[in-house]
Amino acid sequence: MNKIQSVITGTGSYIPENIISGKHFLEHTFFDGGVKIDKENEEIIQKFADITEINERRYIDDNQLNHDIGFIAAQRAIEDAGIDKETLDYILFCHNFGDVKLGSNRVDMLPALAAKVKLQLGIVNPDCVAFDIIFGCPGWVQGMIQADYLIKSGDAKKVLVIGAETLSRIVDPHDRDSMIFADGAGATILEAVEGESEEKTGILAHKAQTHASHADMLIMGASNDPAEANGNAYIKMKGRKLYEFAVITVPQLVKQAIDKSGVDVKQIKMVFIHQANGKMDHAIMKRLFKLYGEDTIPEKLVPMTISWLGNSSVATVPTLIDLVLKNKVDGYQIQKGDHAVFASVGAGMHINAIVYKF
């Protein structure tokens, strides 16, 4: 009996050309609790880099919007898959702030960014349904989960899942945590494949959770500068509490997804995890393997781009997958038959994970 499987057939990404180093923040005035931080900016910037492993991040051009970079990544994924764009059944655009123009700090979510991308792609088929998913940083992983449901239901055969964000437009220049955030886009084509054998491929299992009682860890709030009175809201996070939450909860959820898939943890070749904090990601992996009674983490398990791309929210995981599949992350390669995990954590607080076989 044939079984429908959800398989990635194409990937694409867009990495902005504007490289933003620590020097970009030398003239900023940082506040904490409404009080100016009494340290030299060089010290603040260096300590931040030591904690997060972020040395550079990427920002979009002044004339670009979020749907523009999502379109570029989507176009590249379609070309990579070699499909006719008119055969797409769904376009899912995963983001958090819609389109934000330079200097406006006002979000634009109507029409949906997915619809804007459909228009840019020139797709005329009305049966290609386009909608957005707002799920914090785990948005793209959740988009893939939703796409899997659509495919497994028989309602879709080809789904385009985009993860794109322009966090540079929504950060508070007076908040040192803003140095974490970046811009970028990644996209994937997920297709229905008829499996004639018992050997499964593609998405094997997934798991998601919402810890709403911890939602205050990542919210929108006023500037750290007490003198600012323009009514703008910026992305805000409680870094230490978020770190502790992620290190405890993410390994537990990833384990549930792995156990659900029936795959032995030792079969996991690679973990594509949300690029939020380098040290946090390493701690999550260490705790995951501890849950299986393993004291050491396999080498070349977790490819990282955070040091030069920063945290582009929903774009980090699909961008990372695209770069690895195209041999653009030194020392990391995926072979046919390899098992991998896609995992993320973010505003909500949402956590999710997918177990995938290439």
# chains A, B, ... in the order shown; residues from 1 in each chain; ligands from 1
>>> closest_atom_pairs(of="range 279-318 of chain A", to="range 247-266 of chain A", cutoff="9 Å", atoms="only C-alpha atoms", output="JSON lines")
{"residue": "A:Met280", "atom": "CA", "partner": "A:Val247", "partner_atom": "CA", "distance": 6.7}
{"residue": "A:Asp281", "atom": "CA", "partner": "A:Val247", "partner_atom": "CA", "distance": 8.0}
{"residue": "A:Ala283", "atom": "CA", "partner": "A:Val247", "partner_atom": "CA", "distance": 6.3}
{"residue": "A:Ile284", "atom": "CA", "partner": "A:Val247", "partner_atom": "CA", "distance": 4.9}
{"residue": "A:Met285", "atom": "CA", "partner": "A:Pro251", "partner_atom": "CA", "distance": 7.0}
{"residue": "A:Lys286", "atom": "CA", "partner": "A:Pro251", "partner_atom": "CA", "distance": 8.7}
{"residue": "A:Arg287", "atom": "CA", "partner": "A:Pro251", "partner_atom": "CA", "distance": 6.2}
{"residue": "A:Leu288", "atom": "CA", "partner": "A:Pro251", "partner_atom": "CA", "distance": 4.5}
{"residue": "A:Phe289", "atom": "CA", "partner": "A:Val265", "partner_atom": "CA", "distance": 8.0}
{"residue": "A:Leu291", "atom": "CA", "partner": "A:Lys255", "partner_atom": "CA", "distance": 7.8}
{"residue": "A:Tyr292", "atom": "CA", "partner": "A:Val265", "partner_atom": "CA", "distance": 7.7}
{"residue": "A:Pro298", "atom": "CA", "partner": "A:Lys266", "partner_atom": "CA", "distance": 8.4}
>>> residues_around(residues="Glu191 in chain A", least_positions_apart="5", cutoff="6 Å", atoms="only C-alpha atoms", output="number ranges by chain")
A: 6-7, 157-158
>>> write_last_selection(atoms="N, CA and C atoms", output="compact mmCIF listing (two decimals), in the first residue's frame")
# COMPACT_ATOMS: atom_id res chain seq x y z
N SER A 6 5.94 13.42 3.22
CA SER A 6 6.23 14.84 2.97
C SER A 6 7.73 15.03 2.87
N VAL A 7 8.18 15.37 1.67
CA VAL A 7 9.62 15.41 1.38
C VAL A 7 10.03 16.79 0.86
N LYS A 157 -0.34 18.71 -2.57
CA LYS A 157 0.79 17.93 -3.07
C LYS A 157 2.09 18.73 -3.06
N LYS A 158 1.96 20.05 -3.17
CA LYS A 158 3.15 20.90 -3.14
C LYS A 158 2.87 22.14 -2.29
>>> residues_around(residues="Val129 in chain A", least_positions_apart="5", cutoff="10 Å", atoms="only C-alpha atoms", output="list of chain:residue names")
A:Leu88, A:Asp89, A:Tyr90, A:Ile91, A:Leu92, A:Ala114, A:Ala115, A:Lys118, A:Val159
>>> write_last_selection(atoms="C-alpha atoms", output="mmCIF file, in the first residue's frame")
data_model
loop_
_atom_site.group_PDB
_atom_site.id
_atom_site.type_symbol
_atom_site.label_atom_id
_atom_site.label_comp_id
_atom_site.auth_asym_id
_atom_site.auth_seq_id
_atom_site.Cartn_x
_atom_site.Cartn_y
_atom_site.Cartn_z
ATOM 1 C CA LEU A 88 1.760 24.990 -5.791
ATOM 2 C CA ASP A 89 -1.272 24.245 -3.615
ATOM 3 C CA TYR A 90 -0.305 26.488 -0.706
ATOM 4 C CA ILE A 91 2.107 29.279 0.154
ATOM 5 C CA LEU A 92 2.769 29.648 3.890
ATOM 6 C CA ALA A 114 2.083 35.172 1.423
ATOM 7 C CA ALA A 115 -0.384 36.848 -0.953
ATOM 8 C CA LYS A 118 2.204 34.963 -4.747
ATOM 9 C CA VAL A 159 3.574 23.534 -0.416
#
>>> closest_residue(among="A:Ser307, A:Ser104, A:Gln335, A:Ser153", to="Ile4 in chain A", atoms="only C-alpha atoms")
A:Ser153
>>> atom_distance(atom1="CA of Ala112 in chain A", atom2="CA of Asp127 in chain A")
16.1 Å
>>> closest_atom_pairs(of="range 135-206 of chain A", to="range 228-242 of chain A", cutoff="10 Å", atoms="only C-alpha atoms", output="tab-separated table")
residue	atom	partner	partner_atom	distance
A:Leu167	CA	A:Ile235	CA	8.4
A:Arg169	CA	A:Tyr234	CA	9.0
A:Ile170	CA	A:Tyr234	CA	5.4
A:Val171	CA	A:Tyr234	CA	5.3
A:Asp172	CA	A:Tyr234	CA	5.6
A:Pro173	CA	A:Tyr234	CA	9.4
A:Asp175	CA	A:Lys236	CA	8.4
A:Asp177	CA	A:Met237	CA	7.6
A:Ser178	CA	A:Ile235	CA	8.1
A:Phe181	CA	A:Ile235	CA	9.5
>>> write_last_selection(atoms="N, CA and C atoms", output="PDB file, in the first residue's frame")
ATOM      1  N   LEU A 167      14.176  42.039  11.435  1.00  0.00           N
ATOM      2  CA  LEU A 167      14.189  42.495  12.822  1.00  0.00           C
ATOM      3  C   LEU A 167      14.923  43.818  13.002  1.00  0.00           C
ATOM      4  N   ARG A 169      14.266  46.415  11.686  1.00  0.00           N
ATOM      5  CA  ARG A 169      13.269  47.488  11.627  1.00  0.00           C
ATOM      6  C   ARG A 169      12.452  47.607  12.921  1.00  0.00           C
ATOM      7  N   ILE A 170      12.644  46.675  13.844  1.00  0.00           N
ATOM      8  CA  ILE A 170      11.787  46.626  15.026  1.00  0.00           C
ATOM      9  C   ILE A 170      12.596  46.568  16.324  1.00  0.00           C
ATOM     10  N   VAL A 171      13.909  46.847  16.230  1.00  0.00           N
ATOM     11  CA  VAL A 171      14.763  46.786  17.420  1.00  0.00           C
ATOM     12  C   VAL A 171      14.927  48.168  18.048  1.00  0.00           C
ATOM     13  N   ASP A 172      15.184  48.162  19.337  1.00  0.00           N
ATOM     14  CA  ASP A 172      15.413  49.382  20.107  1.00  0.00           C
ATOM     15  C   ASP A 172      16.914  49.675  20.112  1.00  0.00           C
ATOM     16  N   PRO A 173      17.347  50.783  19.530  1.00  0.00           N
ATOM     17  CA  PRO A 173      18.783  51.083  19.484  1.00  0.00           C
ATOM     18  C   PRO A 173      19.397  51.335  20.865  1.00  0.00           C
ATOM     19  N   ASP A 175      18.806  49.314  23.458  1.00  0.00           N
ATOM     20  CA  ASP A 175      18.758  48.020  24.149  1.00  0.00           C
ATOM     21  C   ASP A 175      19.902  47.156  23.624  1.00  0.00           C
ATOM     22  N   ASP A 177      20.406  44.099  23.931  1.00  0.00           N
ATOM     23  CA  ASP A 177      19.916  42.828  23.384  1.00  0.00           C
ATOM     24  C   ASP A 177      19.592  42.935  21.898  1.00  0.00           C
ATOM     25  N   SER A 178      19.383  44.168  21.418  1.00  0.00           N
ATOM     26  CA  SER A 178      19.062  44.358  20.000  1.00  0.00           C
ATOM     27  C   SER A 178      20.199  43.921  19.084  1.00  0.00           C
ATOM     28  N   PHE A 181      19.713  40.603  16.979  1.00  0.00           N
ATOM     29  CA  PHE A 181      18.754  40.419  15.890  1.00  0.00           C
ATOM     30  C   PHE A 181      19.277  40.828  14.519  1.00  0.00           C
TER      31      PHE A 181
END
>>> closest_residue(among="A:Asp155, A:Thr188, A:Trp308, A:Pro303", to="Val324 in chain A", atoms="only C-alpha atoms")
A:Pro303
